[in-house]
>>> print(open('run36.cif').read())   # mmCIF, C-alpha atoms and all ligand atoms
data_run
#
loop_
_atom_site.label_atom_id
_atom_site.label_comp_id
_atom_site.auth_asym_id
_atom_site.auth_seq_id
_atom_site.Cartn_x
_atom_site.Cartn_y
_atom_site.Cartn_z
CA MET A 887 16.80 12.65 24.77
CA GLU A 888 14.06 10.44 23.29
CA ASP A 889 13.86 10.49 19.51
CA ARG A 890 10.19 10.62 18.52
CA ARG A 891 10.55 10.51 14.77
CA VAL A 892 7.32 9.99 12.87
CA VAL A 893 6.90 6.90 10.70
CA ARG A 894 5.59 8.05 7.33
CA VAL A 895 3.45 5.43 5.59
CA LEU A 896 2.25 5.73 2.00
CA GLY A 897 -1.19 4.13 1.59
CA ILE A 898 -1.97 2.73 -1.86
CA SER A 899 -5.31 1.34 -3.02
CA GLY A 900 -5.09 -0.92 -6.06
CA SER A 901 -8.63 -0.01 -7.11
CA LEU A 902 -9.72 3.02 -9.15
CA ARG A 903 -13.42 2.37 -8.40
CA GLY A 904 -15.26 5.28 -6.80
CA ALA A 905 -16.87 3.16 -4.07
CA SER A 906 -13.81 0.94 -3.64
CA SER A 907 -13.58 -1.11 -0.46
CA ASN A 908 -9.80 -1.18 -0.77
CA SER A 909 -9.71 2.62 -0.93
CA ALA A 910 -11.93 2.63 2.18
CA VAL A 911 -9.31 0.48 3.94
CA VAL A 912 -6.58 2.97 3.03
CA ARG A 913 -8.71 5.91 4.22
CA ALA A 914 -9.37 4.03 7.47
CA ALA A 915 -5.62 3.55 7.90
CA VAL A 916 -5.18 7.35 7.82
CA ARG A 917 -7.79 7.71 10.57
CA LEU A 918 -6.56 4.79 12.69
CA ALA A 919 -2.83 5.51 12.56
CA PRO A 920 -1.52 5.63 16.15
CA ALA A 921 0.56 8.49 17.54
CA GLY A 922 3.92 8.61 15.82
CA VAL A 923 2.59 7.20 12.54
CA GLU A 924 1.30 9.29 9.63
CA VAL A 925 -0.46 7.61 6.73
CA SER A 926 -0.86 9.62 3.54
CA ILE A 927 -2.81 8.43 0.52
CA TYR A 928 -1.30 8.02 -2.91
CA CYS A 929 -4.10 8.91 -5.30
CA GLU A 930 -2.54 9.11 -8.75
CA LEU A 931 -2.47 5.41 -9.60
CA GLY A 932 -4.77 6.01 -12.58
CA ASP A 933 -2.31 8.55 -14.02
CA ILE A 934 0.61 6.13 -14.28
CA PRO A 935 1.12 5.32 -17.98
CA PRO A 936 1.52 1.75 -19.24
CA PHE A 937 4.97 0.53 -18.33
CA ASN A 938 7.36 0.51 -21.26
CA PRO A 939 11.04 -0.20 -20.63
CA ASP A 940 11.86 2.10 -23.56
CA LEU A 941 10.40 5.01 -21.54
CA ASP A 942 12.20 4.02 -18.33
CA THR A 943 15.08 6.39 -18.98
CA GLU A 944 16.49 9.39 -17.09
CA THR A 945 13.36 11.41 -17.84
CA VAL A 946 10.34 9.32 -16.97
CA PRO A 947 6.69 10.46 -17.31
CA ALA A 948 5.79 13.05 -14.63
CA ALA A 949 3.29 10.79 -12.86
CA VAL A 950 5.93 8.08 -12.53
CA SER A 951 8.38 10.59 -11.16
CA ARG A 952 5.85 11.75 -8.57
CA PHE A 953 5.04 8.14 -7.63
CA ARG A 954 8.71 7.37 -7.09
CA ALA A 955 9.18 10.58 -5.07
CA ALA A 956 6.19 9.75 -2.85
CA LEU A 957 7.68 6.34 -2.10
CA GLU A 958 11.13 7.80 -1.55
CA ALA A 959 9.65 10.18 1.03
CA SER A 960 7.93 7.31 2.87
CA ASP A 961 9.39 5.01 5.51
CA ALA A 962 6.87 2.25 4.85
CA VAL A 963 4.00 1.35 2.54
CA LEU A 964 0.50 -0.03 3.09
CA ILE A 965 -1.21 -1.58 0.08
CA SER A 966 -4.80 -2.78 -0.21
CA SER A 967 -5.71 -4.15 -3.61
CA PRO A 968 -8.56 -6.10 -5.19
CA GLU A 969 -8.24 -9.39 -7.05
CA TYR A 970 -9.23 -9.39 -10.71
CA ALA A 971 -9.38 -12.76 -12.51
CA HIS A 972 -7.17 -14.31 -9.83
CA GLY A 973 -4.52 -11.63 -10.38
CA VAL A 974 -3.33 -8.32 -8.95
CA SER A 975 -5.23 -5.34 -10.37
CA GLY A 976 -3.61 -4.26 -13.62
CA VAL A 977 -3.15 -0.64 -12.57
CA LEU A 978 -1.26 -1.63 -9.42
CA LYS A 979 0.97 -4.19 -11.14
CA ASN A 980 1.67 -1.65 -13.88
CA ALA A 981 2.72 0.97 -11.33
CA LEU A 982 4.95 -1.53 -9.52
CA ASP A 983 6.69 -2.43 -12.80
CA TRP A 984 7.89 1.19 -13.02
CA LEU A 985 9.75 0.66 -9.70
CA VAL A 986 11.69 -2.46 -10.66
CA GLY A 987 14.57 -0.50 -12.19
CA SER A 988 14.49 2.51 -9.88
CA GLY A 989 14.29 0.49 -6.65
CA GLU A 990 12.17 2.66 -4.33
CA LEU A 991 10.75 -0.49 -2.69
CA ILE A 992 14.09 -2.05 -1.85
CA ASP A 993 14.11 -2.86 1.91
CA LYS A 994 10.88 -0.87 2.36
CA PRO A 995 8.59 -2.40 4.99
CA ILE A 996 5.22 -3.13 3.36
CA ALA A 997 1.84 -4.10 4.83
CA VAL A 998 -0.24 -5.97 2.26
CA ILE A 999 -3.87 -5.77 3.35
CA ASN A 1000 -6.32 -8.18 1.75
CA ALA A 1001 -9.88 -6.84 1.97
CA SER A 1002 -11.51 -10.10 0.80
CA ALA A 1003 -11.05 -13.60 2.19
CA ARG A 1004 -11.74 -14.99 -1.30
CA ALA A 1005 -8.92 -13.04 -2.93
CA THR A 1006 -6.12 -15.47 -2.11
CA HIS A 1007 -4.47 -15.58 -5.55
CA ALA A 1008 -3.90 -11.84 -5.92
CA HIS A 1009 -2.71 -11.51 -2.33
CA ALA A 1010 -0.12 -14.25 -2.82
CA ALA A 1011 0.93 -12.85 -6.22
CA LEU A 1012 1.29 -9.32 -4.82
CA CYS A 1013 3.45 -10.55 -1.93
CA GLU A 1014 5.58 -12.51 -4.40
CA THR A 1015 6.01 -9.47 -6.68
CA LEU A 1016 6.90 -7.16 -3.80
CA THR A 1017 9.37 -9.67 -2.37
CA THR A 1018 10.95 -10.17 -5.80
CA MET A 1019 11.41 -6.39 -5.94
CA SER A 1020 13.26 -6.65 -2.59
CA GLY A 1021 10.43 -5.02 -0.66
CA ARG A 1022 10.07 -6.29 2.91
CA VAL A 1023 6.53 -7.65 3.27
CA VAL A 1024 5.83 -7.51 7.00
CA THR A 1025 3.97 -10.69 7.90
CA ASP A 1026 2.37 -9.38 11.11
CA ALA A 1027 1.13 -6.31 9.26
CA SER A 1028 -0.23 -8.20 6.25
CA ILE A 1029 -3.71 -9.27 7.21
CA THR A 1030 -6.95 -10.34 5.61
CA ILE A 1031 -9.96 -8.34 6.76
CA SER A 1032 -13.11 -9.66 5.20
CA LEU A 1033 -15.23 -6.65 4.32
CA GLY A 1034 -18.84 -7.83 4.29
CA GLY A 1035 -21.76 -5.64 3.30
CA ALA A 1036 -22.03 -4.08 6.76
CA ALA A 1037 -18.36 -3.21 7.04
CA LEU A 1038 -18.70 0.13 5.24
CA ASP A 1039 -21.07 2.90 6.31
CA ALA A 1040 -23.19 5.03 3.97
CA ASP A 1041 -20.19 7.28 3.25
CA GLY A 1042 -18.05 4.27 2.29
CA ASN A 1043 -15.99 4.37 5.45
CA LEU A 1044 -14.93 1.34 7.50
CA SER A 1045 -17.49 1.08 10.30
CA ASP A 1046 -16.86 -2.37 11.84
CA PRO A 1047 -14.96 -1.92 15.14
CA CYS A 1048 -13.38 -5.41 14.89
CA LEU A 1049 -11.96 -4.60 11.48
CA SER A 1050 -10.73 -1.23 12.76
CA THR A 1051 -8.96 -2.98 15.64
CA ALA A 1052 -7.32 -5.47 13.25
CA LEU A 1053 -6.21 -2.68 10.92
CA THR A 1054 -4.83 -0.64 13.81
CA SER A 1055 -2.80 -3.67 14.95
CA ALA A 1056 -1.49 -4.11 11.41
CA ILE A 1057 -0.36 -0.48 11.25
CA GLU A 1058 1.33 -0.84 14.63
CA ALA A 1059 3.13 -3.98 13.40
CA LEU A 1060 4.24 -2.11 10.29
CA ALA A 1061 5.57 0.77 12.40
CA ARG A 1062 7.42 -1.65 14.68
CA ALA A 1063 9.10 -3.19 11.64
CA THR A 1064 10.18 0.18 10.27
CA PRO A 1065 13.77 1.13 11.12
CA THR A 1066 13.19 4.90 11.42
CA ARG A 1067 10.69 4.29 14.19
CA ARG A 1068 12.61 4.95 17.41
CA SER A 1069 9.65 5.17 19.76
CA LEU A 1070 5.95 5.96 19.68
C1 LIG A 1101 -13.28 -7.81 -13.64
C2 LIG A 1101 -13.38 -8.34 -12.24
C3 LIG A 1101 -12.76 -9.51 -11.92
C4 LIG A 1101 -12.82 -10.01 -10.60
N1 LIG A 1101 -12.18 -11.17 -10.29
C5 LIG A 1101 -12.18 -11.61 -9.02
C6 LIG A 1101 -11.47 -12.79 -8.66
O1 LIG A 1101 -10.82 -13.43 -9.45
N2 LIG A 1101 -11.49 -13.18 -7.36
C7 LIG A 1101 -12.18 -12.46 -6.39
O2 LIG A 1101 -12.15 -12.86 -5.23
N3 LIG A 1101 -12.87 -11.35 -6.72
C8 LIG A 1101 -12.89 -10.91 -7.99
N4 LIG A 1101 -13.56 -9.76 -8.32
C9 LIG A 1101 -14.27 -9.04 -7.27
C10 LIG A 1101 -13.43 -7.86 -6.76
O3 LIG A 1101 -12.16 -8.26 -6.35
C11 LIG A 1101 -14.18 -7.25 -5.58
O4 LIG A 1101 -15.38 -6.73 -6.06
C12 LIG A 1101 -13.38 -6.18 -4.89
O5 LIG A 1101 -14.10 -5.77 -3.77
C13 LIG A 1101 -13.14 -4.98 -5.74
O6 LIG A 1101 -12.35 -4.09 -5.01
P1 LIG A 1101 -12.80 -2.59 -4.74
O7 LIG A 1101 -14.07 -2.64 -3.93
O8 LIG A 1101 -11.67 -1.99 -3.98
O9 LIG A 1101 -12.99 -1.92 -6.07
C14 LIG A 1101 -13.54 -9.28 -9.62
C15 LIG A 1101 -14.16 -8.08 -9.98
C16 LIG A 1101 -14.09 -7.62 -11.27
C17 LIG A 1101 -14.74 -6.30 -11.61
#
>>> encode(input="run36.cif", output="structure tokens")
Amino acid sequence: MEDRRVVRVLGISGSLRGASSNSAVVRAAVRLAPAGVEVSIYCELGDIPPFNPDLDTETVPAAVSRFRAALEASDAVLISSPEYAHGVSGVLKNALDWLVGSGELIDKPIAVINASARATHAHAALCETLTTMSGRVVTDASITISLGGAALDADGNLSDPCLSTALTSAIEALARATPTRRSL
């Protein structure tokens, strides 16, 4: 019998901004996910406390615990993050630092979506960080989609069909690279 297990993807935006284009990308990923793929949005990035190795003990802050559990429950991850001062957004890097010791990203297939063609430094740094943490950055799923002014509609949703097609292809590539995916 055909195993039609669903690929569960955790979508993470590295921006806390209300009208964030990166958050729009993650919302679009939920909408565009093909049959057999479910994208859920992690929305507690702003609740993760500053990383302190002294607090990285058996009992970590509740938000960290929930973040780790959300990743543990996911087969793959999709991240879209802005570049600030040629670096990864502080909130995202901070959250990732909490995973270095606990290892939820080890071998996890990850799509790193870059929503700005100018943001080359942060994209490269994020891929380097994730790879160093033994995450599996999926090249075919890690794309740059340049969100111009017309790319988002009045509600802040991705409205450009070309970008939607590219994002759909990226999600499909991520699903293909995810071991639990038996068939779609
Ligand atoms: C403090 C700050 C620093 C920024 N630094 C850069 C930068 O170094 N390179 C870049 O391409 N964009 C930079 N930007 C622009 C943001 O990356 C861009 O506005 C992005 O769309 C923000 O993501 P969001 O729409 O998801 O919030 C910066 C923006 C801010 C607020």
>>> residues_near_ligand(input="run36.cif", ligand="ligand LIG 1101 (chain A)", cutoff="8 Å", atoms="only C-alpha atoms and all ligand atoms", output="PyMOL selection string")
chain A and resi 899-910+966-973+1001-1008
>>> closest_residue(input="run36.cif", among="A:Gly1042, A:Val1023, A:Ala915, A:Leu931", to="Val977 in chain A", atoms="only C-alpha atoms")
A:Leu931
>>> atom_distance(input="run36.cif", atom1="CA of Ala955 in chain A", atom2="CA of Pro939 in chain A")
19.0 Å
>>> residues_around(input="run36.cif", residues="range 921-927 of chain A", least_positions_apart="6", cutoff="6 Å", atoms="all atoms listed in the file", output="ChimeraX atom specification")
/A:892-897,1070
>>> closest_residue(input="run36.cif", among="A:Leu957, A:Ala997, A:Leu1012, A:Leu1049", to="Asn980 in chain A", atoms="only C-alpha atoms")
A:Leu1012
>>> residues_around(input="run36.cif", residues="Asp933 in chain A", least_positions_apart="3", cutoff="10 Å", atoms="all atoms listed in the file", output="compact mmCIF listing (two decimals) with C-alpha atoms, keeping the file's coordinate frame")
# COMPACT_ATOMS: atom_id res chain seq x y z
CA CYS A 929 -4.10 8.91 -5.30
CA GLU A 930 -2.54 9.11 -8.75
CA PRO A 936 1.52 1.75 -19.24
CA PRO A 947 6.69 10.46 -17.31
CA ALA A 948 5.79 13.05 -14.63
CA ALA A 949 3.29 10.79 -12.86
CA VAL A 950 5.93 8.08 -12.53
CA PHE A 953 5.04 8.14 -7.63
CA VAL A 977 -3.15 -0.64 -12.57
CA ALA A 981 2.72 0.97 -11.33
>>> residues_near_point(input="run36.cif", point="(8.1, -1.4, 13.0)", cutoff="12 Å", atoms="only C-alpha atoms", output="JSON, numbers by chain")
{"A": [892, 893, 894, 895, 922, 923, 961, 962, 963, 994, 995, 996, 997, 1022, 1023, 1024, 1025, 1026, 1027, 1055, 1056, 1057, 1058, 1059, 1060, 1061, 1062, 1063, 1064, 1065, 1066, 1067, 1068, 1069, 1070]}
>>> atom_distance(input="run36.cif", atom1="CA of Ile898 in chain A", atom2="CA of Ala956 in chain A")
10.8 Å
>>> atom_distance(input="run36.cif", atom1="CA of Trp984 in chain A", atom2="CA of Phe937 in chain A")
6.1 Å
>>> residues_near_point(input="run36.cif", point="(9.5, -0.8, -2.7)", cutoff="7 Å", atoms="all atoms listed in the file", output="list in words")
Gly989, Glu990, Leu991, Ile992, Asp993, Lys994, Leu1016, Met1019, Ser1020 and Gly1021 of chain A
>>> closest_residue(input="run36.cif", among="A:Leu964, A:Ala959, A:Leu918, A:Leu982", to="Ile934 in chain A", atoms="only C-alpha atoms")
A:Leu982
>>> axis_aligned_box(input="run36.cif", around="range 941-952 of chain A", padding_each_side="6 Å", output="lines of an AutoDock Vina configuration file")
center_x = 9.9
center_y = 8.5
center_z = -15.1
size_x = 25.2
size_y = 21.0
size_z = 25.0
>>> closest_residue(input="run36.cif", among="A:Leu1044, A:Ala919, A:Val998, A:Val911", to="Ser1028 in chain A", atoms="all atoms listed in the file")
A:Val998
>>> decode(input="run36.cif", residues="range 980-994 of chain A", atoms="N, CA, C and O atoms", output="PDB file, in the first residue's frame")
ATOM      1  N   ASN A 980      19.660  34.776  17.498  1.00  0.00           N
ATOM      2  CA  ASN A 980      19.517  34.467  18.927  1.00  0.00           C
ATOM      3  C   ASN A 980      18.755  33.151  19.131  1.00  0.00           C
ATOM      4  O   ASN A 980      19.162  32.293  19.915  1.00  0.00           O
ATOM      5  N   ALA A 981      17.661  33.002  18.405  1.00  0.00           N
ATOM      6  CA  ALA A 981      16.849  31.783  18.539  1.00  0.00           C
ATOM      7  C   ALA A 981      17.660  30.553  18.099  1.00  0.00           C
ATOM      8  O   ALA A 981      17.596  29.498  18.741  1.00  0.00           O
ATOM      9  N   LEU A 982      18.421  30.699  17.022  1.00  0.00           N
ATOM     10  CA  LEU A 982      19.221  29.573  16.533  1.00  0.00           C
ATOM     11  C   LEU A 982      20.290  29.177  17.561  1.00  0.00           C
ATOM     12  O   LEU A 982      20.591  27.988  17.726  1.00  0.00           O
ATOM     13  N   ASP A 983      20.841  30.172  18.259  1.00  0.00           N
ATOM     14  CA  ASP A 983      21.877  29.857  19.256  1.00  0.00           C
ATOM     15  C   ASP A 983      21.348  28.924  20.340  1.00  0.00           C
ATOM     16  O   ASP A 983      22.092  28.099  20.870  1.00  0.00           O
ATOM     17  N   TRP A 984      20.039  29.026  20.644  1.00  0.00           N
ATOM     18  CA  TRP A 984      19.441  28.140  21.651  1.00  0.00           C
ATOM     19  C   TRP A 984      19.377  26.681  21.169  1.00  0.00           C
ATOM     20  O   TRP A 984      19.112  25.771  21.947  1.00  0.00           O
ATOM     21  N   LEU A 985      19.586  26.449  19.871  1.00  0.00           N
ATOM     22  CA  LEU A 985      19.460  25.089  19.320  1.00  0.00           C
ATOM     23  C   LEU A 985      20.809  24.394  19.171  1.00  0.00           C
ATOM     24  O   LEU A 985      20.855  23.205  18.872  1.00  0.00           O
ATOM     25  N   VAL A 986      21.894  25.159  19.370  1.00  0.00           N
ATOM     26  CA  VAL A 986      23.226  24.584  19.127  1.00  0.00           C
ATOM     27  C   VAL A 986      23.449  23.377  20.037  1.00  0.00           C
ATOM     28  O   VAL A 986      23.880  22.311  19.587  1.00  0.00           O
ATOM     29  N   GLY A 987      23.116  23.528  21.311  1.00  0.00           N
ATOM     30  CA  GLY A 987      23.345  22.438  22.264  1.00  0.00           C
ATOM     31  C   GLY A 987      22.294  21.348  22.203  1.00  0.00           C
ATOM     32  O   GLY A 987      22.594  20.175  22.435  1.00  0.00           O
ATOM     33  N   SER A 988      21.068  21.712  21.868  1.00  0.00           N
ATOM     34  CA  SER A 988      19.965  20.731  21.911  1.00  0.00           C
ATOM     35  C   SER A 988      19.828  19.959  20.601  1.00  0.00           C
ATOM     36  O   SER A 988      19.334  18.833  20.580  1.00  0.00           O
ATOM     37  N   GLY A 989      20.235  20.559  19.486  1.00  0.00           N
ATOM     38  CA  GLY A 989      20.400  19.807  18.234  1.00  0.00           C
ATOM     39  C   GLY A 989      19.157  19.520  17.407  1.00  0.00           C
ATOM     40  O   GLY A 989      19.177  18.622  16.569  1.00  0.00           O
ATOM     41  N   GLU A 990      18.093  20.300  17.579  1.00  0.00           N
ATOM     42  CA  GLU A 990      16.874  20.028  16.790  1.00  0.00           C
ATOM     43  C   GLU A 990      17.077  20.203  15.286  1.00  0.00           C
ATOM     44  O   GLU A 990      16.280  19.696  14.497  1.00  0.00           O
ATOM     45  N   LEU A 991      18.116  20.923  14.883  1.00  0.00           N
ATOM     46  CA  LEU A 991      18.312  21.143  13.432  1.00  0.00           C
ATOM     47  C   LEU A 991      19.235  20.097  12.791  1.00  0.00           C
ATOM     48  O   LEU A 991      19.414  20.114  11.565  1.00  0.00           O
ATOM     49  N   ILE A 992      19.768  19.224  13.600  1.00  0.00           N
ATOM     50  CA  ILE A 992      20.714  18.245  13.037  1.00  0.00           C
ATOM     51  C   ILE A 992      20.005  17.385  11.976  1.00  0.00           C
ATOM     52  O   ILE A 992      18.943  16.795  12.248  1.00  0.00           O
ATOM     53  N   ASP A 993      20.562  17.374  10.769  1.00  0.00           N
ATOM     54  CA  ASP A 993      20.039  16.612   9.624  1.00  0.00           C
ATOM     55  C   ASP A 993      18.684  17.103   9.121  1.00  0.00           C
ATOM     56  O   ASP A 993      18.049  16.450   8.291  1.00  0.00           O
ATOM     57  N   LYS A 994      18.191  18.193   9.651  1.00  0.00           N
ATOM     58  CA  LYS A 994      16.872  18.705   9.240  1.00  0.00           C
ATOM     59  C   LYS A 994      17.007  19.414   7.892  1.00  0.00           C
ATOM     60  O   LYS A 994      17.822  20.318   7.737  1.00  0.00           O
TER      61      LYS A 994
END
